[in-house]
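Pasted below: target37.cif, mmCIF, C-alpha atoms.
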data_upload
loop_
_atom_site.label_atom_id
_atom_site.label_comp_id
_atom_site.auth_asym_id
_atom_site.auth_seq_id
_atom_site.Cartn_x
_atom_site.Cartn_y
_atom_site.Cartn_z
CA MET A 1 117.53 277.77 123.28
CA ALA A 2 117.83 278.91 119.71
CA ILE A 3 116.59 282.39 119.00
CA LEU A 4 114.46 282.67 115.88
CA SER A 5 115.39 285.51 113.59
CA SER A 6 113.57 287.00 110.63
CA LYS A 7 115.49 284.71 108.28
CA HIS A 8 113.46 281.82 109.61
CA PHE A 9 110.30 283.35 108.22
CA LYS A 10 109.29 284.23 104.71
CA PHE A 11 106.81 287.06 104.46
CA ASN A 12 105.03 287.86 101.21
CA PHE A 13 104.25 291.56 101.05
CA ASN A 14 102.91 291.42 97.52
CA LYS A 15 99.72 293.51 97.63
CA SER A 16 98.23 292.13 94.48
CA LYS A 17 94.58 291.13 94.86
CA LYS A 18 93.70 287.50 95.16
CA LEU A 19 90.90 286.36 92.93
CA LEU A 20 88.30 283.98 94.32
CA ALA A 21 88.21 280.77 92.41
CA VAL A 22 84.91 280.16 90.68
CA PRO A 23 83.86 276.57 91.36
CA ASP A 24 83.58 274.38 88.37
CA LYS A 25 80.01 273.46 87.49
CA LYS A 26 80.98 269.85 87.91
CA ASN A 27 81.70 270.48 91.61
CA ILE A 28 78.37 272.14 92.45
CA CYS A 29 76.61 270.31 95.28
CA PHE A 30 74.53 267.49 93.92
CA ILE A 31 71.76 268.36 96.41
CA ASN A 32 70.52 271.01 93.97
CA LYS A 33 70.03 268.30 91.38
CA LEU A 34 67.73 266.17 93.53
CA PRO A 35 64.26 265.75 92.01
CA LYS A 36 61.56 267.92 93.51
CA GLU A 37 59.51 264.83 94.27
CA LEU A 38 62.32 263.50 96.48
CA LEU A 39 62.69 266.80 98.32
CA PHE A 40 58.92 266.83 98.75
CA CYS A 41 59.07 263.38 100.38
CA VAL A 42 61.92 264.47 102.67
CA TYR A 43 59.95 267.55 103.78
CA GLN A 44 56.85 265.44 104.35
CA GLN A 45 58.72 263.32 106.92
CA LEU A 46 60.14 266.17 109.03
CA GLU A 47 59.37 265.80 112.71
CA THR A 48 58.81 269.35 114.00
CA ILE A 49 58.21 272.94 112.91
CA ASP A 50 61.82 273.70 113.92
CA CYS A 51 62.95 271.06 111.43
CA GLN A 52 60.83 272.77 108.79
CA GLY A 53 62.62 276.05 109.49
CA SER A 54 66.04 274.45 109.19
CA PHE A 55 64.99 272.73 105.97
CA SER A 56 63.76 276.02 104.51
CA ALA A 57 67.02 277.81 105.35
CA THR A 58 69.21 275.22 103.60
CA CYS A 59 69.01 276.62 100.08
CA LYS A 60 66.62 278.18 97.58
CA SER A 61 65.34 274.90 96.21
CA PHE A 62 64.57 273.70 99.76
CA HIS A 63 62.90 277.01 100.56
CA ARG A 64 60.61 276.70 97.55
CA ILE A 65 59.49 273.28 98.79
CA ALA A 66 58.95 274.61 102.33
CA ILE A 67 56.65 277.46 101.31
CA ASN A 68 54.62 275.35 98.91
CA ALA A 69 51.02 274.82 100.10
CA ARG A 70 50.92 271.27 98.77
CA SER A 71 54.10 270.37 100.69
CA ASN A 72 52.69 271.75 103.92
CA ALA A 73 49.40 269.92 103.47
CA ALA A 74 51.28 266.66 103.01
CA TRP A 75 53.40 267.38 106.10
CA ILE A 76 50.32 268.02 108.27
CA VAL A 77 48.60 264.80 107.21
CA THR A 78 51.81 262.80 107.74
CA ARG A 79 52.65 264.40 111.09
CA TYR A 80 49.17 264.55 112.67
CA GLY A 81 47.32 261.84 110.81
CA PRO A 82 44.17 261.91 108.65
CA ARG A 83 41.82 262.25 111.64
CA PHE A 84 43.41 265.42 113.05
CA ALA A 85 45.00 267.12 110.03
CA ILE A 86 42.18 269.55 109.16
CA TYR A 87 41.55 270.53 112.78
CA TYR A 88 45.27 271.13 113.35
CA ALA A 89 45.44 273.31 110.24
CA ILE A 90 42.47 275.43 111.39
CA LEU A 91 44.04 275.91 114.83
CA SER A 92 47.54 276.64 113.52
CA PHE A 93 47.05 278.86 110.46
CA PRO A 94 43.34 279.39 109.76
CA SER A 95 43.93 282.24 107.30
CA LYS A 96 45.72 279.81 104.95
CA CYS A 97 42.89 277.27 105.02
CA ASN A 98 41.27 278.30 101.76
CA HIS A 99 39.52 276.03 99.27
CA GLN A 100 42.74 274.91 97.60
CA PHE A 101 44.56 274.09 100.84
CA ILE A 102 41.59 272.14 102.22
CA GLN A 103 41.48 270.18 98.95
CA TYR A 104 45.20 269.43 99.24
CA LEU A 105 44.62 268.06 102.75
CA ILE A 106 41.71 265.91 101.58
CA ASN A 107 43.66 264.65 98.56
CA PHE A 108 46.42 263.48 100.90
CA GLY A 109 43.89 261.54 102.95
CA ALA A 110 42.66 264.00 105.60
CA GLN A 111 39.24 263.12 107.04
CA ILE A 112 36.55 265.56 108.21
CA PRO A 113 35.06 264.65 111.59
CA ARG A 114 31.30 265.10 111.76
CA TYR A 115 31.62 266.89 115.10
CA LEU A 116 33.93 269.49 113.56
CA ILE A 117 31.25 270.26 110.94
CA GLN A 118 28.63 270.62 113.69
CA VAL A 119 30.77 273.11 115.60
CA LEU A 120 31.79 275.09 112.50
CA ILE A 121 28.15 275.59 111.51
CA GLN A 122 27.33 276.73 115.04
CA VAL A 123 30.16 279.26 115.44
CA TYR A 124 31.39 280.40 111.99
CA GLY A 125 30.54 284.03 111.28
CA LYS A 126 28.89 284.47 114.68
CA PRO A 127 29.98 287.51 116.74
CA ILE A 128 32.25 286.73 119.68
CA ASP A 129 32.40 290.24 121.17
CA ASN A 130 30.32 289.22 124.19
CA ILE A 131 32.56 286.22 124.83
CA ILE A 132 35.63 288.46 124.66
CA LYS A 133 34.05 290.89 127.16
CA LEU A 134 33.25 288.05 129.55
CA SER A 135 36.84 286.86 129.23
CA GLU A 136 38.18 290.33 130.01
CA ASN A 137 35.88 290.62 133.03
CA ARG A 138 37.09 287.26 134.36
CA ARG A 139 40.71 288.35 134.01
CA ARG A 140 40.04 291.63 135.80
CA ARG A 141 38.37 289.82 138.71
CA SER A 142 41.14 287.25 138.95
CA SER A 143 43.97 287.79 141.42
CA PHE A 144 46.47 286.31 138.94
CA ASP A 145 47.07 286.51 135.19
CA THR A 146 45.61 283.86 132.90
CA ILE A 147 45.14 283.30 129.19
CA ASP A 148 41.54 282.52 128.30
CA LEU A 149 41.77 279.38 126.22
CA ASP A 150 38.03 279.50 125.51
CA LEU A 151 38.77 282.01 122.76
CA PHE A 152 41.50 280.02 121.03
CA PHE A 153 39.36 278.05 118.58
CA LEU A 154 36.69 280.74 118.23
CA GLN A 155 39.22 283.36 117.18
CA ALA A 156 40.87 280.92 114.77
CA VAL A 157 37.54 280.18 113.09
CA GLN A 158 36.95 283.89 112.48
CA GLN A 159 40.09 283.92 110.30
CA LEU A 160 38.90 280.99 108.18
CA SER A 161 38.12 282.15 104.66
CA PHE A 162 34.58 281.65 103.42
CA ASP A 163 35.63 279.41 100.53
CA GLY A 164 37.58 277.27 103.00
CA TYR A 165 34.54 277.07 105.29
CA ALA A 166 32.23 276.29 102.35
CA THR A 167 34.57 273.53 101.16
CA LEU A 168 34.58 271.90 104.60
CA ILE A 169 30.78 272.03 104.88
CA HIS A 170 30.33 270.67 101.35
CA GLU A 171 32.77 267.81 101.95
CA GLY A 172 31.22 267.09 105.34
CA PHE A 173 27.69 266.77 103.96
CA LYS A 174 29.00 264.72 101.04
CA LYS A 175 30.61 262.27 103.47
CA TYR A 176 27.91 262.04 106.16
CA GLY A 177 24.73 263.01 104.31
CA LYS A 178 22.30 265.06 106.36
CA ILE A 179 23.96 266.36 109.53
CA ASP A 180 21.86 267.40 112.52
CA ILE A 181 23.43 270.78 113.30
CA HIS A 182 21.52 271.02 116.57
CA SER A 183 23.05 267.77 117.76
CA ASN A 184 26.43 267.52 119.43
CA ASP A 185 28.64 264.47 119.05
CA LEU A 186 30.78 265.55 122.01
CA SER A 187 27.84 265.50 124.42
CA LEU A 188 26.69 262.19 122.98
CA PHE A 189 30.17 260.72 123.36
CA LEU A 190 30.73 261.87 126.95
CA SER A 191 27.30 260.64 128.03
CA SER A 192 27.50 257.24 126.34
CA LEU A 193 30.90 255.88 127.33
CA ASP A 194 29.14 253.15 129.31
CA ASN A 195 27.69 252.08 125.97
CA SER A 196 30.83 251.07 124.13
CA SER A 197 29.03 250.49 120.83
CA VAL A 198 27.94 254.16 120.63
CA SER A 199 31.36 255.59 121.53
CA ASN A 200 33.18 253.17 119.23
CA ASP A 201 30.85 253.99 116.33
CA LEU A 202 31.52 257.71 116.82
CA ILE A 203 35.27 257.17 116.86
CA LYS A 204 35.44 254.79 113.91
CA ASP A 205 32.58 255.92 111.66
CA GLN A 206 32.34 259.66 112.40
CA MET A 207 36.11 260.19 112.88
CA PHE A 208 35.29 261.64 116.30
CA PHE A 209 37.71 263.10 118.83
CA PRO A 210 36.72 265.31 121.80
CA ALA A 211 37.57 268.69 120.26
CA PRO A 212 37.11 271.49 119.41
CA LEU A 213 35.90 272.76 122.75
CA THR A 214 34.27 276.16 122.96
CA THR A 215 34.41 276.39 126.74
CA THR A 216 36.75 275.28 129.53
CA HIS A 217 33.79 273.87 131.47
CA THR A 218 33.79 270.56 129.57
CA ASN A 219 34.25 267.66 131.98
CA TYR A 220 36.73 265.11 130.63
CA LYS A 221 36.29 262.77 133.58
CA ASN A 222 34.76 260.12 131.30
CA ILE A 223 37.74 260.43 128.97
CA LEU A 224 39.92 259.12 131.80
CA LYS A 225 37.46 256.28 132.21
CA LEU A 226 37.77 255.45 128.51
CA ALA A 227 41.55 255.24 128.83
CA GLN A 228 41.11 252.77 131.67
CA LEU A 229 38.43 250.56 130.08
CA SER A 230 39.37 250.78 126.40
CA PRO A 231 43.00 251.90 125.88
CA LYS A 232 42.86 251.17 122.14
CA SER A 233 39.85 253.46 121.66
CA TYR A 234 41.55 256.14 123.74
CA ASP A 235 44.73 255.89 121.64
CA LEU A 236 42.70 256.78 118.54
CA ILE A 237 41.61 260.14 120.01
CA ALA A 238 44.62 260.87 122.23
CA PRO A 239 46.76 262.88 119.74
CA VAL A 240 44.43 265.87 120.06
CA PHE A 241 45.68 266.36 123.62
CA ASP A 242 49.22 266.77 122.29
CA PHE A 243 48.50 269.89 120.21
CA ASP A 244 45.17 271.47 121.24
CA PRO A 245 45.79 273.75 124.27
CA LEU A 246 42.14 273.83 125.40
CA ALA A 247 41.79 270.05 125.16
CA ARG A 248 45.06 269.69 127.05
CA SER A 249 43.81 272.10 129.71
CA SER A 250 40.58 270.12 130.14
CA LEU A 251 42.56 266.88 130.40
CA TRP A 252 44.71 268.35 133.18
CA GLU A 253 41.57 269.50 134.99
CA ALA A 254 40.06 266.01 134.80
CA ILE A 255 43.25 264.52 136.27
CA LEU A 256 43.28 267.06 139.11
CA LEU A 257 39.61 266.39 139.84
CA LEU A 258 40.24 262.64 140.01
CA PHE A 259 43.08 263.05 142.51
CA PHE A 260 41.24 265.79 144.42
CA ASP A 261 38.33 263.40 145.06
CA GLU A 262 40.77 260.69 146.12
CA ALA A 263 42.60 263.07 148.48
CA PHE A 264 39.44 263.45 150.56
CA ARG A 265 39.10 259.68 151.06
CA SER A 266 40.39 258.11 154.25
CA THR A 267 40.52 254.58 152.83
CA GLN A 268 43.01 252.97 150.47
CA PRO A 269 42.13 253.06 146.75
CA THR A 270 39.93 250.24 145.53
CA LYS A 271 41.25 247.96 142.81
CA GLU A 272 39.19 249.85 140.21
CA ARG A 273 40.45 253.25 141.33
CA GLN A 274 44.02 251.98 141.45
CA THR A 275 43.67 250.71 137.88
CA GLN A 276 42.45 254.14 136.80
CA PHE A 277 45.44 255.83 138.47
CA ASP A 278 47.80 253.42 136.72
CA SER A 279 46.18 254.15 133.36
CA ILE A 280 47.13 257.82 133.70
CA LYS A 281 50.79 256.86 133.77
CA THR A 282 50.61 254.09 131.17
CA THR A 283 48.01 255.45 128.73
CA ILE A 284 47.25 259.17 129.23
CA ILE A 285 50.54 260.92 130.08
CA THR A 286 53.00 258.61 128.34
CA ASP A 287 56.67 258.82 127.30
CA ASN A 288 57.19 261.71 129.74
CA GLY A 289 54.97 263.88 127.56
CA ARG A 290 57.56 264.04 124.79
CA HIS A 291 54.88 264.10 122.10
CA VAL A 292 53.23 267.28 123.44
CA LYS A 293 53.76 270.19 121.01
CA LEU A 294 50.95 272.62 121.68
CA VAL A 295 49.65 275.15 119.17
CA GLY A 296 49.97 278.71 120.46
CA PRO A 297 52.18 280.49 122.97
CA LEU A 298 51.71 278.24 126.04
CA THR A 299 53.83 275.27 127.05
CA ASP A 300 52.42 272.24 128.82
CA GLN A 301 53.91 273.49 132.10
CA GLN A 302 52.23 276.89 131.73
CA ILE A 303 48.88 275.24 131.04
CA PHE A 304 49.34 272.97 134.06
CA CYS A 305 50.09 275.97 136.30
CA GLN A 306 47.07 277.88 135.01
CA VAL A 307 44.74 274.91 135.43
CA PHE A 308 46.05 274.16 138.92
CA ALA A 309 45.64 277.78 140.00
CA THR A 310 42.10 278.20 138.64
CA PHE A 311 40.97 274.74 139.80
CA PHE A 312 40.86 275.78 143.47
CA THR A 313 39.05 279.06 142.82
CA LYS A 314 35.87 276.98 142.34
CA TYR A 315 35.97 276.12 146.05
CA PRO A 316 35.73 278.45 149.07
CA VAL A 317 38.87 279.44 150.97
CA GLY A 318 39.74 276.76 153.51
CA TYR A 319 37.89 273.97 151.70
CA CYS A 320 41.12 272.16 150.82
CA HIS A 321 43.12 271.65 154.03
CA GLN A 322 46.87 271.23 154.04
CA ALA A 323 46.64 267.46 154.56
CA THR A 324 44.32 267.15 151.56
CA MET A 325 46.58 269.26 149.39
CA LYS A 326 49.58 267.20 150.45
CA LYS A 327 47.86 263.94 149.51
CA LEU A 328 46.71 265.41 146.19
CA LEU A 329 50.24 266.49 145.29
CA HIS A 330 51.73 263.11 146.26
CA LEU A 331 49.20 261.37 143.99
CA LEU A 332 49.98 263.78 141.19
CA LYS A 333 53.71 263.19 141.42
CA ALA A 334 53.30 259.42 141.72
CA TYR A 335 51.12 258.88 138.66
CA VAL A 336 51.80 261.80 136.31
CA LYS A 337 55.12 262.11 134.47
CA PRO A 338 54.85 265.06 132.04
CA ASN A 339 57.62 266.69 130.00
CA PHE A 340 58.36 269.11 132.84
CA ASN A 341 59.31 268.80 136.50
CA ILE A 342 56.20 269.12 138.68
CA ASP A 343 58.18 270.41 141.68
CA PHE A 344 59.71 273.10 139.48
CA ALA A 345 56.24 274.07 138.23
CA LEU A 346 54.93 274.33 141.81
CA LYS A 347 57.92 276.47 142.82
CA HIS A 348 57.27 278.74 139.87
CA MET A 349 53.65 279.15 140.97
CA VAL A 350 54.76 280.17 144.45
CA GLN A 351 57.45 282.57 143.23
CA ALA A 352 55.25 284.16 140.54
CA ASN A 353 52.21 284.17 142.84
CA ILE A 354 50.09 282.23 140.36
CA GLY A 355 46.95 281.30 142.24
CA ARG A 356 44.81 282.34 145.15
CA SER A 357 46.68 283.15 148.34
CA ASP A 358 45.51 280.04 150.24
CA THR A 359 46.60 277.80 147.35
CA ILE A 360 50.02 279.48 147.22
CA ASP A 361 50.44 279.06 151.01
CA SER A 362 49.61 275.34 150.78
CA LEU A 363 52.08 274.81 147.95
CA ASP A 364 54.79 276.73 149.79
CA LYS A 365 54.32 274.57 152.89
CA PHE A 366 54.40 271.38 150.83
CA LEU A 367 57.64 272.36 149.11
CA LYS A 368 59.29 273.38 152.39
CA GLU A 369 58.28 270.11 154.09
CA LYS A 370 59.67 268.18 151.14
CA ASN A 371 63.02 269.91 151.51
#

Would it be possible to restate this file's structure as structure tokens?
Amino acid sequence: MAILSSKHFKFNFNKSKKLLAVPDKKNICFINKLPKELLFCVYQQLETIDCQGSFSATCKSFHRIAINARSNAAWIVTRYGPRFAIYYAILSFPSKCNHQFIQYLINFGAQIPRYLIQVLIQVYGKPIDNIIKLSENRRRRSSFDTIDLDLFFLQAVQQLSFDGYATLIHEGFKKYGKIDIHSNDLSLFLSSLDNSSVSNDLIKDQMFFPAPLTTTHTNYKNILKLAQLSPKSYDLIAPVFDFDPLARSSLWEAILLLFFDEAFRSTQPTKERQTQFDSIKTTIITDNGRHVKLVGPLTDQQIFCQVFATFFTKYPVGYCHQATMKKLLHLLKAYVKPNFNIDFALKHMVQANIGRSDTIDSLDKFLKEKN
């Protein structure tokens, strides 16, 4: 083997400083020369908020597009659609929803649902201190930690500027004429699903969707029925369940209630009930929940765990026997395919002690039997 000596290497010990070459202007990245209108269109088509962040961090010209109010208004309308754009903006960043931003949204095609105007008039500027106290009392009495989703929309509305609120009310009355502020399109919708002409008129003419909710006690059972009987009508209102945490919570509760009632039955599901179960998988929780991107700190799994835990506190201890719980959980796993693993969520509930002790014991037994 040849031994390498220093003559095989040439070392340059010249300590003179090396100057960095200044790039020729001709070689500067052409991306900086793209028209603002093109960058605006690119930003408008971004899929997620994470994509927005990456876009903003690319360079100064991209950052200027990303922080522009008009760009963000266009992105919201493109991403969430004309029906939901204004509601999403109020939930996500209410303090930015001033007159100008609302006008940008409307100019890009955003629609104002009549029900949203009804709720805004009823809650804007009203004190919510008593509601906050009730929420705190509920948390203190609870044996496990929860986040009170009742406050989510109410607290967002309090941050809405007056000129933004006034613009929404003005545009709402301009679109619908006289609005009965003592009426409630949500109550009308939930009570008239057997009358398809009423529900369809609300969806198509009043741009209705079943939100905002101001309480978690709203029963979405009829929403599941709508998905079964009129999937196309349901598809028009379904996107709200992908971003509104309280609407998502109420949807989960309706699904649990449906399977809870079925778990007490000793007979096989009727054809109608079976069709409704199938619609949950094919219409309500679709694509493994990939579209769910909730506003706020909670994930879909966390909302599921909270809803599951609080659901059984409405019933006395011992009301739901182990056999009933087992049947409920089998139905849930058979027909619901969310963007998280249900078994993992149940294990987390047991390990973190999320729920009343009898509920935790039933889940623990179910998981051990499964293994």

**OP:** Find, counting only C-alpha atoms, the residue in A:Thr78, A:Lys333, A:Asn184, A:Leu39 that gets nearest to Arg64 of chain A.
**Re:**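 Using only C-alpha atoms, Arg64 of chain A sits closest to A:Leu39.
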
**OP:** Quick one: residues within 10 Å of (41.2, 271.9, 127.1) (file frame), counting only C-alpha atoms, please, as a PyMOL selection string.
**Re:** chain A and resi 149-150+210-220+240-241+244-254+303+307

Subject >> Ground truth for the PyMOL selection byres ((chain A and resi 279) around 10), written as a list in words >> reply: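 Here the PyMOL selection byres ((chain A and resi 279) around 10) matches Leu224, Lys225, Leu226, Ala227, Gln228, Leu229, Pro231, Arg273, Gln274, Thr275, Gln276, Phe277, Asp278, Ile280, Lys281, Thr282, Thr283, Ile284, Ile285, Thr286, Tyr335 and Val336 of chain A.
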
Original post:
Can you tell me, as a list in words, what residues are no more than 7 Å from Ala309 of chain A when counting all atoms listed in the file, ignoring any on the same chain fewer than 6 positions away?
Top reply: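 These residues fall inside the cut-off: Ile354, Gly355 and Arg356 of chain A.
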
**OP:** Find the spatial neighbours of Leu236 of chain A, counting all atoms listed in the file, within a cut-off of 10 Å - ignore same-chain residues fewer than 3 positions away - and output them as a list in words.
**Re:**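 Contacts, with the query itself left out: Arg83, Ile203, Lys204, Met207, Phe208, Phe209, Pro231, Lys232, Ser233, Pro239 and Val240 of chain A.
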
**OP:** Counting only C-alpha atoms, figure out which residue out of A:Gly164, A:Gly296, A:Gly177, A:Pro316 gets nearest to Lys96 of chain A.
**Re:** A:Gly164

**OP:** Have a look at atom CA of Arg79 of chain A and atom CA of Asp50 of chain A and let me know their distance in Å, one decimal.
**Re:**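 Rounded to one decimal, the two atoms are 13.4 Å apart.
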
Subject >> Interatomic distance (Å, one decimal) between atom CA of Gly81 of chain A and atom CA of Asn107 of chain A >> reply: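 Going from atom CA of Gly81 of chain A over to atom CA of Asn107 of chain A covers 13.1 Å.
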
**OP:** Up to 7 Å from (38.9, 284.4, 110.1) in the file's coordinates: name the residues, counting all atoms listed in the file, as a ChimeraX atom specification.
**Re:** /A:94-95,156-161

Original post:
Contacts of Val198 of chain A at 12 Å or less, counting all atoms listed in the file, minus same-chain residues fewer than 4 places along, as a ChimeraX atom specification?
Top reply: /A:185-194,202-206,208,233

Please write the residues picked by the PyMOL selection byres ((chain A and resi 112) around 12) on this file as a CSV table (one decimal) with C-alpha atoms, in the coordinates of the input.
chain,number,residue,atom,x,y,z
A,81,GLY,CA,47.3,261.8,110.8
A,82,PRO,CA,44.2,261.9,108.6
A,83,ARG,CA,41.8,262.2,111.6
A,84,PHE,CA,43.4,265.4,113.0
A,85,ALA,CA,45.0,267.1,110.0
A,86,ILE,CA,42.2,269.6,109.2
A,87,TYR,CA,41.6,270.5,112.8
A,88,TYR,CA,45.3,271.1,113.4
A,89,ALA,CA,45.4,273.3,110.2
A,90,ILE,CA,42.5,275.4,111.4
A,102,ILE,CA,41.6,272.1,102.2
A,103,GLN,CA,41.5,270.2,99.0
A,105,LEU,CA,44.6,268.1,102.8
A,106,ILE,CA,41.7,265.9,101.6
A,109,GLY,CA,43.9,261.5,103.0
A,110,ALA,CA,42.7,264.0,105.6
A,111,GLN,CA,39.2,263.1,107.0
A,113,PRO,CA,35.1,264.6,111.6
A,114,ARG,CA,31.3,265.1,111.8
A,115,TYR,CA,31.6,266.9,115.1
A,116,LEU,CA,33.9,269.5,113.6
A,117,ILE,CA,31.2,270.3,110.9
A,118,GLN,CA,28.6,270.6,113.7
A,120,LEU,CA,31.8,275.1,112.5
A,167,THR,CA,34.6,273.5,101.2
A,168,LEU,CA,34.6,271.9,104.6
A,169,ILE,CA,30.8,272.0,104.9
A,170,HIS,CA,30.3,270.7,101.4
A,171,GLU,CA,32.8,267.8,102.0
A,172,GLY,CA,31.2,267.1,105.3
A,173,PHE,CA,27.7,266.8,104.0
A,174,LYS,CA,29.0,264.7,101.0
A,175,LYS,CA,30.6,262.3,103.5
A,176,TYR,CA,27.9,262.0,106.2
A,205,ASP,CA,32.6,255.9,111.7
A,206,GLN,CA,32.3,259.7,112.4
A,207,MET,CA,36.1,260.2,112.9
A,208,PHE,CA,35.3,261.6,116.3
A,209,PHE,CA,37.7,263.1,118.8

**OP:** For each of A:Leu38, A:Leu298, A:Ala334, A:Leu329, take the minimum atom-to-atom distance to Leu367 of chain A, counting all atoms listed in the file, then give the residue where this is smallest.
**Re:**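 Closest to Leu367 of chain A, using all atoms listed in the file: A:Leu329.
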
Original post:
In terms of the shortest atom-to-atom distance over all atoms listed in the file, which of A:Asn222, A:Ser183, A:Gln155, A:Ser56 is closest to Val123 of chain A?
Top reply: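 Going through A:Asn222, A:Ser183, A:Gln155, A:Ser56 one by one, the smallest distance to Val123 of chain A is for A:Gln155.
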
Subject >> Asp261 of chain A surroundings by all atoms listed in the file, 12 Å radius, close-in-sequence under 4 positions cut, as a list in words >> reply: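 My reading of the contact set: Lys221, Ala254, Ile255, Leu256, Leu257, Arg265, Ser266, Thr267, Pro269, Arg273, Cys320, Thr324, Met325, Lys327, Leu328 and Leu331 of chain A.
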
Using the file's own x, y and z axes, so that the box edges lie along x, y and z, what centre and edge lengths in Å (one decimal) does a box around every listed atom of segment 41-44 of chain A get when 4 Å is added on each side? Give it as lines of an AutoDock Vina configuration file.
center_x = 59.4
center_y = 265.5
center_z = 102.4
size_x = 13.1
size_y = 12.2
size_z = 12.0

If we count all atoms listed in the file, what is near Tyr104 of chain A at a cut-off of 8 Å, once residues fewer than 2 positions away on the same chain are taken out, given as a tab-separated table (two decimals) with C-alpha atoms, in the frame of the given file?
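Final output, saved to selection21.tsv:
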chain	number	residue	atom	x	y	z
A	69	ALA	CA	51.02	274.82	100.10
A	70	ARG	CA	50.92	271.27	98.77
A	73	ALA	CA	49.40	269.92	103.47
A	74	ALA	CA	51.28	266.66	103.01
A	100	GLN	CA	42.74	274.91	97.60
A	101	PHE	CA	44.56	274.09	100.84
A	102	ILE	CA	41.59	272.14	102.22
A	106	ILE	CA	41.71	265.91	101.58
A	107	ASN	CA	43.66	264.65	98.56
A	108	PHE	CA	46.42	263.48	100.90
